[in-house]
Amino acid sequence: MQDAVNFLSGLIWSPALVFLCLGAGLFFSIVTRFAQVRHFKEMWRLLLSNEESKQGISSFQALTVSLSGRVGTGNIAGVAAAIGFGGPGAIFWMWLVAFLGAATSYIECTLGQIYKEEQDGQYRGGPAYYIEKATGHKWYAAIFAIATVISCGMLLPGVQSNSMGNAVEIAFGSGEMISTGFGDLSFAKIITGSIVVLLLGFIIFGGVKRIAHVTQVVVPFMALGYIITACIVIGLHIQELPGIFQLILADAFSPMAGIGAVIGWGVKRGVYSNEAGQGMGPHSAAAAEVDHPAQQGLVQAFSVYVDTLFVCTATALMILITGSYNVHGADDQLLVNNLNATLAANSPAYTQAAMESIFPSVGNLVVAVALFFFSFTTILAYYYIAETNMAYLQRYLKIPSLLFLLKLVLMAATFYGAIRTANLAWGLGDIGVGLMAWLNIIAIIFIFLSAKPAVKALKDYEAQQKEGVDKFSFSPQKLGISNAKFWEKKEKE
């Protein structure tokens with residue numbers, strides 16, 4: 001199974017997808033005139049908006065739901081994997097894909113808002129919705145929806161729970177080994193998986209509102225707490241910081257692991273972490289109650305910065321500054337051997353080693369706790385995304401109990417991931433992320449070339465900013481945007 005997963009993952013994550021992610025980000029940065037830089041101040045203003053309704057959630061809640069998907073195991077174990085297989089220079093490419101990806105995130109999340117609709121008493125939207133409405137190709141929208149249900153409902157949750165199980169095992173030990181149908185499993189992983197599944201069931205059976213209210217409390221707390229802890233570690237080695245930045249930049253262009261590895265792993269783990277282009281962000285963006293679609297596009301562009309430039313960078317600097325990493329070559333030969341060679345790069349082990357070097361006896365526990373919250377809220381976001389796409393498919397399938405079945409499958413996948421090996425879990429996750437990225441980036445480029453709705457929305461928003469309006473409004477028909485039924489109805493009302 002591992003060989004099959006590795007083959008599929010390698011096929012999907014070919015150099016073509018790496019350059020598609022970077023190329024799309026650069027293209028959308030240019031056509032929006034680098035909105036991710038020009039509107040940085042406006043992003044801050046918008047994310048503090050607390051307007052919600054019975055059907056929708058506030059901009060801040062949408063940001064936290066989105067961040068709960070973006071800020072996850074990729075920020076701890078994913079960064080470690082990028083360094084472990086791509087070398088320190090992979091961090092530069094993570095930064096680059098985040099900076100460019102912020103523009104891609106603006107485009108996709110604005111599309112999510114423009115083409116959202118009210119369904120089952122709440123706002124629904126995302127790539128499946130905007131693909132159907134903007135292109136008219138229902139078959140392509142259905143393919144994306146099916147791929148997303150499989151990815152977020154079956155493949156990706158296991159990556160998050162796997163890192164949780166590994167972190168708990170490192171922090172507390174494996175405990176007694178128990179023989180099961182899956183082989184010999186540690187007591188620590190079984191208990192971790194069971195606790196996560198119970199908590200998960202309680203929340204996801206409560207609907208999107210409960211998810212939003214949980215994430216708006218947990219996400220800011222966990223991200224800020226983790227960054228502060230990482231800053232303490234970095235601060236204790238502050239004199240080494242200039243040398244670390246030099247190492248990252250030097251290795252980015254003269255990589256010890258090879259140019260393909262450094263760019264590939266940097267982009268792969270960058271996209272996995274910040275989700276720009278995957279089509280995940282538009283789901284929570286569409287659920288937000290806003291006056292203008294561009295507002296949520298800008299808020300979601302900011303979330304890419306929070307994820308990669310803040311949280312991922314904190315992890316990377318902590319690992320590099322303490323020298324708590326190995327670098328694996330193409331033939332698995334160790335190019336850098338600072339730690340025990342048996343430590344898995346596809347796990348939180350490097351991050352825990354870095355924290356443990358500063359906070360002996362408690363460092364492992366700190367990372368385990370952070371990872372629990374990071375990963376748990378990411379699984380919540382995955383469920384919400386899978387549920388939204390299932391709701392899209394249900395409009396045509398009309399099969400009762402599909403949503404209930406989705407919840408059970410996601411809970412089972414979460415438990416299975418907690419007890420499996422890291423390489424298998426990450427391989428399945430990479431397949432899911434890659435499929436969604438291919439389908440979504442091609443779609444948003446096609447939509448731009450045919451109608452440019454997200455860019456038209458940005459220009460309209462900027463025009464209203466210059467006029468100094470008290471309340472922003474959005475008229476899709478005036479801008480030549482068709483099939484934006486929700487906004488057409490809102491304008492009439």
# chains A, B, ... in the order shown; residues from 1 in each chain; ligands from 1
$ residues_around --residues "Gln300 (chain A)" --least-positions-apart "2" --cutoff "9 Å" --atoms "only C-alpha atoms" --output "mmCIF file with N, CA and C atoms, in the first residue's frame"
data_model
loop_
_atom_site.group_PDB
_atom_site.id
_atom_site.type_symbol
_atom_site.label_atom_id
_atom_site.label_comp_id
_atom_site.auth_asym_id
_atom_site.auth_seq_id
_atom_site.Cartn_x
_atom_site.Cartn_y
_atom_site.Cartn_z
ATOM 1 N N MET A 43 -6.822 44.684 5.385
ATOM 2 C CA MET A 43 -7.016 43.320 5.889
ATOM 3 C C MET A 43 -7.199 43.339 7.406
ATOM 4 N N LEU A 47 -10.700 42.073 9.342
ATOM 5 C CA LEU A 47 -10.767 40.830 10.110
ATOM 6 C C LEU A 47 -11.351 41.042 11.505
ATOM 7 N N ALA A 62 -15.068 33.474 10.096
ATOM 8 C CA ALA A 62 -14.670 32.839 8.832
ATOM 9 C C ALA A 62 -13.154 32.715 8.760
ATOM 10 N N LEU A 63 -12.457 33.763 9.264
ATOM 11 C CA LEU A 63 -10.992 33.710 9.295
ATOM 12 C C LEU A 63 -10.515 32.574 10.187
ATOM 13 N N SER A 66 -11.171 29.236 8.625
ATOM 14 C CA SER A 66 -10.178 29.032 7.574
ATOM 15 C C SER A 66 -8.803 28.738 8.171
ATOM 16 N N LEU A 67 -8.425 29.520 9.198
ATOM 17 C CA LEU A 67 -7.123 29.304 9.835
ATOM 18 C C LEU A 67 -7.053 27.945 10.513
ATOM 19 N N ALA A 102 -1.021 34.259 -1.416
ATOM 20 C CA ALA A 102 -2.001 35.178 -0.827
ATOM 21 C C ALA A 102 -2.886 35.780 -1.912
ATOM 22 N N SER A 105 -5.267 33.101 -2.997
ATOM 23 C CA SER A 105 -6.306 32.977 -1.974
ATOM 24 C C SER A 105 -7.339 34.082 -2.108
ATOM 25 N N TYR A 106 -6.880 35.311 -2.415
ATOM 26 C CA TYR A 106 -7.845 36.402 -2.633
ATOM 27 C C TYR A 106 -8.818 36.032 -3.754
ATOM 28 N N CYS A 109 -11.214 32.966 -2.814
ATOM 29 C CA CYS A 109 -12.143 33.257 -1.722
ATOM 30 C C CYS A 109 -13.154 34.332 -2.103
ATOM 31 N N THR A 110 -12.754 35.265 -2.959
ATOM 32 C CA THR A 110 -13.711 36.239 -3.485
ATOM 33 C C THR A 110 -14.724 35.543 -4.387
ATOM 34 N N GLY A 281 -10.065 27.303 1.412
ATOM 35 C CA GLY A 281 -10.444 28.589 1.985
ATOM 36 C C GLY A 281 -11.792 29.124 1.520
ATOM 37 N N PRO A 282 -12.165 28.973 0.226
ATOM 38 C CA PRO A 282 -13.433 29.530 -0.248
ATOM 39 C C PRO A 282 -14.677 29.007 0.478
ATOM 40 N N ALA A 285 -14.948 31.147 3.535
ATOM 41 C CA ALA A 285 -15.122 32.516 3.044
ATOM 42 C C ALA A 285 -16.565 32.746 2.607
ATOM 43 N N GLN A 295 -14.124 41.906 0.421
ATOM 44 C CA GLN A 295 -13.720 42.004 1.822
ATOM 45 C C GLN A 295 -13.261 40.656 2.357
ATOM 46 N N GLN A 296 -14.013 39.608 2.062
ATOM 47 C CA GLN A 296 -13.628 38.298 2.568
ATOM 48 C C GLN A 296 -12.427 37.747 1.811
ATOM 49 N N GLY A 297 -12.271 38.122 0.544
ATOM 50 C CA GLY A 297 -11.083 37.723 -0.203
ATOM 51 C C GLY A 297 -9.817 38.272 0.435
ATOM 52 N N LEU A 298 -9.877 39.539 0.881
ATOM 53 C CA LEU A 298 -8.717 40.163 1.519
ATOM 54 C C LEU A 298 -8.433 39.551 2.886
ATOM 55 N N PHE A 302 -4.974 37.407 4.100
ATOM 56 C CA PHE A 302 -4.220 37.647 5.330
ATOM 57 C C PHE A 302 -3.970 36.349 6.082
ATOM 58 N N SER A 303 -4.927 35.416 6.027
ATOM 59 C CA SER A 303 -4.779 34.166 6.769
ATOM 60 C C SER A 303 -3.605 33.343 6.253
ATOM 61 N N VAL A 304 -3.248 33.514 4.961
ATOM 62 C CA VAL A 304 -2.072 32.827 4.408
ATOM 63 C C VAL A 304 -0.807 33.349 5.083
#
$ closest_atom_pairs --of "region 139-208 of chain A" --to "region 393-408 of chain A" --cutoff "9 Å" --atoms "only C-alpha atoms" --output "CSV"
residue,atom,partner,partner_atom,distance
A:Ala142,CA,A:Leu393,CA,6.9
A:Ala145,CA,A:Leu393,CA,7.0
A:Ile146,CA,A:Leu393,CA,7.9
A:Val149,CA,A:Leu406,CA,8.3
A:Gly153,CA,A:Leu406,CA,6.7
A:Met154,CA,A:Leu406,CA,9.0
A:Gly201,CA,A:Lys407,CA,7.7
A:Ile204,CA,A:Lys407,CA,7.5
A:Phe205,CA,A:Lys407,CA,8.0
$ closest_atom_pairs --of "region 288-374 of chain A" --to "region 449-466 of chain A" --cutoff "8 Å" --atoms "only C-alpha atoms" --output "CSV"
residue,atom,partner,partner_atom,distance
A:His292,CA,A:Tyr461,CA,7.4
A:Pro293,CA,A:Ala457,CA,7.0
A:Ala294,CA,A:Leu458,CA,5.6
$ write_last_selection --atoms "C-alpha atoms" --output "PDB file, in the first residue's frame"
ATOM      1  CA  HIS A 292     -18.827  43.108  -0.423  1.00  0.00           C
ATOM      2  CA  PRO A 293     -17.193  39.859  -1.684  1.00  0.00           C
ATOM      3  CA  ALA A 294     -13.736  41.466  -1.944  1.00  0.00           C
TER       4      ALA A 294
END
$ closest_residue --among "A:Thr322, A:Ser475, A:Asn346, A:Thr308" --to "Phe92 (chain A)" --atoms "only C-alpha atoms"
A:Thr308
$ residues_around --residues "region 71-85 of chain A" --least-positions-apart "6" --cutoff "9 Å" --atoms "only C-alpha atoms" --output "JSON, numbers by chain"
{"A": [91, 94, 159, 160, 161, 163, 164, 219, 223, 257, 261, 262, 264, 265, 266, 267, 268, 269, 270, 272, 273, 274, 306, 307, 308, 311, 312, 313, 314, 315, 316, 319, 320, 325, 326, 327, 328, 329, 330, 332, 336, 344, 345, 346, 347, 348, 349, 350, 351, 367, 371, 372, 373, 374, 375, 376, 377, 378, 379]}
$ select_by_dssp --residues "region 254-405 of chain A" --states "strand (DSSP E or B)" --output "list in words"
Ala288, Asn326, Val327, His328, Leu334, Leu335, Val336 and Asn337 of chain A
$ write_last_selection --atoms "N, CA and C atoms" --output "CSV table (one decimal), in the first residue's frame"
chain,number,residue,atom,x,y,z
A,288,ALA,N,-19.2,33.6,5.3
A,288,ALA,CA,-19.2,34.9,6.1
A,288,ALA,C,-20.2,35.9,5.6
A,326,ASN,N,17.7,16.6,10.7
A,326,ASN,CA,18.6,15.9,9.7
A,326,ASN,C,18.1,16.3,8.3
A,327,VAL,N,19.0,16.1,7.3
A,327,VAL,CA,18.6,16.3,5.9
A,327,VAL,C,18.8,15.0,5.2
A,328,HIS,N,17.8,14.4,4.6
A,328,HIS,CA,17.9,13.2,3.8
A,328,HIS,C,18.1,13.5,2.3
A,334,LEU,N,22.0,10.4,4.7
A,334,LEU,CA,21.9,11.6,5.5
A,334,LEU,C,23.0,12.7,5.1
A,335,LEU,N,22.5,13.8,4.6
A,335,LEU,CA,23.4,14.9,4.2
A,335,LEU,C,23.7,15.7,5.4
A,336,VAL,N,22.8,15.8,6.4
A,336,VAL,CA,23.1,16.5,7.7
A,336,VAL,C,22.6,15.5,8.7
A,337,ASN,N,23.4,15.2,9.7
A,337,ASN,CA,23.0,14.3,10.7
A,337,ASN,C,23.2,14.8,12.1
